[in-house]
Amino acid sequence: MDRLSYEYISFGHNYEDLPMEILIKIFEYLNPTDILIAGLVCRRWLEASQHTDFMELFTLSFNQVNFTDDSPPIKDFQETFRNFRSVTFNNVEFGSTEKFGGILTEDVHELSIKNCDIREKKLKEIISPICNLKTLRIEACRELLMDGRLFDIEKENKALMETLSSVENLSLANNRYLSDALFNRIVSFMPNIERLDLSGCHISFHQGLYRKFYPGSQLEPSESVLTFLHISDYIEKNSAKLKYLNLSLTLIDGKSLETLANTPELKLESLMLRSCDQISNPGILRLVQVQQNLTSLDLSLSMRVTDQTICEIVTALPRLKVLKARRCRALTDISVRELLKLTELRTLDVSECDSITGIGFIDGISNKKFTNLRELYVSALNICSNTVMKITEAFPELTILDVSCCFNSVTDLCVQLIIKNLVKLRYLNVEMCDKITDAGLTGLSMGDELAEYLEEQRENEKKSENKPPQDQAASSSSPKESPSQVIERLMVEREQNYYKISLGSKAETEIKHDAKRKKAMQEMCETDSCEENASGYGISRLRGLRVLKLGGCNRVTDVSLKYSFKLRELKELGLERCYQVSIEGMKAIADNCPSIEILNLAECHTINDKAVEYITEHLHRLTRLSLEKCIQLTDFSLDYISMNCKALQQLDVRGCRGMCAEPDLRVANIRSLRNVAKSKPGPYVSQNFEPMIKRPKAPPLPNFRS
């Protein structure tokens, strides 16, 4: 957008005269944030950004605000000319507002009320003007449901029933006081529900509780407890329409899953069972055998899921597109090998499964290309670098890749293959992969190693074509040294290091080595031979990258940020615990990555006030900024943030010992700011820390001793 504005000023191109159809077509290629910024160029571009095709992309969100009639945000909301399809109220105090009713128009299709102290009267005022509501979320609203009388007056509910009859997506998640009577009363207003979310609700699945609250032949819904008995009855009555069900964070067990599976005419497409510790293999097996229309299944944090479950899922659900099994620690390489047989799989999450190694991936890939897989999460797995390289070659269409916490697996060569093969990446997470250096991100001096690996792969492919299957299986495993070779190698290393005496610690040696490497990379980049040495691939090759997380990669320095980070579409950058990043790198980031909205610099001890000044002056889209434990920062950084950050929503300055005890007061003029994370006042603020700029000492207290 800056380039277009520059051409308009310099060459006189009148972009205001472009036909509306062409503007809308151009805007279709932009992400929502860029569309909003484009709307600030001129009035015609603003009209294009308000087109109905883009209204679904934006949500009007009220976070942590207090509503009053004659002050923002109610006053601004009344005067706005914009229309919004989605409105969210999160942790909002509605107070005694009288003008709020009627502000929401019939254009609203999605309404979310979360963690709000709201009463039934105010809820009806909000909902009544909406005539085509598709999605309603009432989550964690304890005051609204505590008395159990919501929608209890029949005479006043006729108009409300007409408003809610169009709702297709209902979420009542995390409501502690939801009961059978309330649930039945709420869903009776919405006969067309297709998606139901009851995650985090206190649902009783035990038969003993059924007998306690429903003794004998009593059928009247209880106002004290929410039971799966009434939920299953509703699912059975609405089975022809229900397609999505979320029962995560509940105590659902195997028998309840069997009851759900045996519901006639029920054809679920998505089922969420995240963190359900009571589910068992028989229940899941029965479910997938009957509900064969499932395309999305989430079993994350469910400890009883085993390889047998995964094998049955693969057999019964060949059209499965999304499977999430994060931290299902009973899974092994057998599950990975079977899951890679699903030809239509688009999202796979097997992170934090301790028993999964690279063998399952290598056996499942076996020189194939998987063109349907778009998202892969393999965080904290015991895989080797060879497995990561195979992944980059087998899944060329990946847009999301998470290999964080694979400490010894992701090397510079792995990063080079990620950049070379996965050019469509939009999200890359390599946090805590401390083997990554500037060479991997810039491609400097990586040409020979990369060419050697590619040549080795070609030779292995030629050999594998002529080998029988048994020999191929033997060659797939990594070669092991014989005992004699190990002894010989250790003797050679001992002779080489025998006369080398080091008086420093291991940490000191690593610091010196990192400093030498950074100096060599810096000299290489500044000389004329930079292009000759850059025979590898730089991170700027991933032009569409929007999220990059490098937290804990402490060998990454300013060299990578200055000479390789030219990512115009980057929205989120994580550099926490990158100790060698300083003001030089921050200047390069601010100049070459102008679209950054979320920046994490926690524990970057070399960041100072000048770096914060440059960041805040050039990154105008910042909404979240983390400066936790940046010990060189003082109150000047807060002043720079206060002057320059007009869109900031969250600020983290915990552990910044050079700042005042109340940093939120220094940035109180930022209207968009909703949360300032700060440390509790303690003795370190004034006693044990001497800031860079010395302030006059306070006069001593008088001595009151007699």
# chains A, B, ... in the order shown; residues from 1 in each chain; ligands from 1

$ residues_around --residues "region 64-73 of chain A" --least-positions-apart "5" --cutoff "7 Å" --atoms "only C-alpha atoms" --output "PDB file with N, CA, C and O atoms, in the first residue's frame"
ATOM      1  N   ASN A  90     -16.700  -9.326  25.095  1.00  0.00           N
ATOM      2  CA  ASN A  90     -15.851 -10.152  25.945  1.00  0.00           C
ATOM      3  C   ASN A  90     -15.476  -9.370  27.201  1.00  0.00           C
ATOM      4  O   ASN A  90     -14.837  -8.325  27.122  1.00  0.00           O
ATOM      5  N   ASN A  91     -15.904  -9.905  28.357  1.00  0.00           N
ATOM      6  CA  ASN A  91     -15.602  -9.274  29.644  1.00  0.00           C
ATOM      7  C   ASN A  91     -16.054  -7.809  29.660  1.00  0.00           C
ATOM      8  O   ASN A  91     -15.294  -6.896  29.976  1.00  0.00           O
ATOM      9  N   VAL A  92     -17.310  -7.590  29.316  1.00  0.00           N
ATOM     10  CA  VAL A  92     -17.880  -6.252  29.190  1.00  0.00           C
ATOM     11  C   VAL A  92     -18.823  -5.980  30.355  1.00  0.00           C
ATOM     12  O   VAL A  92     -19.593  -6.858  30.761  1.00  0.00           O
ATOM     13  N   GLU A  93     -18.763  -4.761  30.887  1.00  0.00           N
ATOM     14  CA  GLU A  93     -19.701  -4.301  31.910  1.00  0.00           C
ATOM     15  C   GLU A  93     -20.744  -3.421  31.223  1.00  0.00           C
ATOM     16  O   GLU A  93     -20.453  -2.313  30.780  1.00  0.00           O
ATOM     17  N   PHE A  94     -21.980  -3.929  31.119  1.00  0.00           N
ATOM     18  CA  PHE A  94     -23.019  -3.180  30.425  1.00  0.00           C
ATOM     19  C   PHE A  94     -23.580  -2.046  31.270  1.00  0.00           C
ATOM     20  O   PHE A  94     -24.091  -1.069  30.745  1.00  0.00           O
ATOM     21  N   GLY A  95     -23.501  -2.150  32.581  1.00  0.00           N
ATOM     22  CA  GLY A  95     -23.942  -1.071  33.447  1.00  0.00           C
ATOM     23  C   GLY A  95     -25.422  -0.767  33.287  1.00  0.00           C
ATOM     24  O   GLY A  95     -26.253  -1.641  33.065  1.00  0.00           O
ATOM     25  N   THR A  97     -26.899   1.146  30.875  1.00  0.00           N
ATOM     26  CA  THR A  97     -27.096   1.763  29.567  1.00  0.00           C
ATOM     27  C   THR A  97     -28.547   1.622  29.139  1.00  0.00           C
ATOM     28  O   THR A  97     -29.143   0.552  29.248  1.00  0.00           O
ATOM     29  N   GLU A  98     -29.097   2.705  28.616  1.00  0.00           N
ATOM     30  CA  GLU A  98     -30.475   2.701  28.134  1.00  0.00           C
ATOM     31  C   GLU A  98     -30.553   2.830  26.621  1.00  0.00           C
ATOM     32  O   GLU A  98     -31.571   2.485  26.026  1.00  0.00           O
ATOM     33  N   LYS A  99     -29.490   3.325  25.997  1.00  0.00           N
ATOM     34  CA  LYS A  99     -29.504   3.537  24.562  1.00  0.00           C
ATOM     35  C   LYS A  99     -28.944   2.360  23.787  1.00  0.00           C
ATOM     36  O   LYS A  99     -28.815   2.420  22.572  1.00  0.00           O
ATOM     37  N   ARG A 674      -5.965  -2.596  26.102  1.00  0.00           N
ATOM     38  CA  ARG A 674      -6.881  -3.292  26.989  1.00  0.00           C
ATOM     39  C   ARG A 674      -6.180  -4.009  28.139  1.00  0.00           C
ATOM     40  O   ARG A 674      -6.786  -4.253  29.168  1.00  0.00           O
TER      41      ARG A 674
END

$ residues_around --residues "Tyr579 (chain A)" --least-positions-apart "3" --cutoff "10 Å" --atoms "only C-alpha atoms" --output "tab-separated table (two decimals) with C-alpha atoms, in the first residue's frame"
chain	number	residue	atom	x	y	z
A	552	GLY	CA	14.70	-19.89	22.09
A	553	CYS	CA	16.85	-19.99	18.93
A	554	ASN	CA	19.65	-18.18	20.75
A	555	ARG	CA	22.19	-18.58	17.93
A	556	VAL	CA	20.18	-16.36	15.61
A	557	THR	CA	21.79	-12.90	15.45
A	575	LEU	CA	12.13	-13.63	19.02
A	576	GLU	CA	11.87	-14.35	22.74
A	582	SER	CA	20.04	-5.99	19.21
A	601	LEU	CA	10.95	-9.72	22.39
A	602	ALA	CA	10.75	-11.28	25.85
A	603	GLU	CA	14.14	-11.81	27.54
A	604	CYS	CA	16.08	-10.12	24.73
A	605	HIS	CA	18.52	-8.51	27.12
A	606	THR	CA	20.29	-6.41	24.47
A	607	ILE	CA	17.13	-4.50	23.50

$ residues_around --residues "Phe361 (chain A)" --least-positions-apart "3" --cutoff "7 Å" --atoms "only C-alpha atoms" --output "PDB file with N, CA, C and O atoms, in the first residue's frame"
ATOM      1  N   VAL A 336       1.239 -43.433  13.280  1.00  0.00           N
ATOM      2  CA  VAL A 336       1.677 -42.526  12.218  1.00  0.00           C
ATOM      3  C   VAL A 336       1.695 -43.241  10.880  1.00  0.00           C
ATOM      4  O   VAL A 336       1.243 -42.702   9.854  1.00  0.00           O
ATOM      5  N   ARG A 337       2.203 -44.461  10.871  1.00  0.00           N
ATOM      6  CA  ARG A 337       2.265 -45.236   9.628  1.00  0.00           C
ATOM      7  C   ARG A 337       0.858 -45.460   9.060  1.00  0.00           C
ATOM      8  O   ARG A 337       0.648 -45.385   7.839  1.00  0.00           O
ATOM      9  N   GLY A 358      10.860 -41.044  14.430  1.00  0.00           N
ATOM     10  CA  GLY A 358      10.874 -40.807  12.989  1.00  0.00           C
ATOM     11  C   GLY A 358      10.634 -42.041  12.151  1.00  0.00           C
ATOM     12  O   GLY A 358      10.397 -41.933  10.938  1.00  0.00           O
ATOM     13  N   GLY A 364       5.961 -44.481   6.567  1.00  0.00           N
ATOM     14  CA  GLY A 364       4.701 -44.068   5.958  1.00  0.00           C
ATOM     15  C   GLY A 364       4.885 -43.245   4.711  1.00  0.00           C
ATOM     16  O   GLY A 364       4.060 -43.302   3.785  1.00  0.00           O
ATOM     17  N   ILE A 365       5.958 -42.461   4.663  1.00  0.00           N
ATOM     18  CA  ILE A 365       6.201 -41.623   3.484  1.00  0.00           C
ATOM     19  C   ILE A 365       6.663 -42.470   2.312  1.00  0.00           C
ATOM     20  O   ILE A 365       6.068 -42.466   1.238  1.00  0.00           O
ATOM     21  N   THR A 387      14.275 -37.227   9.499  1.00  0.00           N
ATOM     22  CA  THR A 387      12.816 -37.255   9.420  1.00  0.00           C
ATOM     23  C   THR A 387      12.271 -35.900   8.991  1.00  0.00           C
ATOM     24  O   THR A 387      11.360 -35.816   8.157  1.00  0.00           O
TER      25      THR A 387
END

$ closest_residue --among "A:Cys593, A:Leu294, A:Leu196, A:Ile26" --to "Arg546 (chain A)" --atoms "only C-alpha atoms"
A:Cys593

$ select_by_dssp --residues "region 75-282 of chain A" --states "strand (DSSP E)" --output "PyMOL selection string"
chain A and resi 86-90+110-114+135-139+169-171+195-197+203-204+226-227+244-246+270-272

$ atom_distance --atom1 "CA of Gln278 (chain A)" --atom2 "CA of Thr227 (chain A)"
15.9 Å

$ residues_around --residues "region 370-379 of chain A" --least-positions-apart "5" --cutoff "7 Å" --atoms "only C-alpha atoms" --output "list of chain:residue names"
A:Glu344, A:Leu345, A:Arg346, A:Thr347, A:Leu348, A:Asp349, A:Val350, A:Ser351, A:Glu352, A:Ala394, A:Phe395, A:Pro396, A:Glu397, A:Leu398, A:Thr399, A:Ile400, A:Leu401, A:Asp402, A:Val403, A:Ser404, A:Cys405, A:Cys406
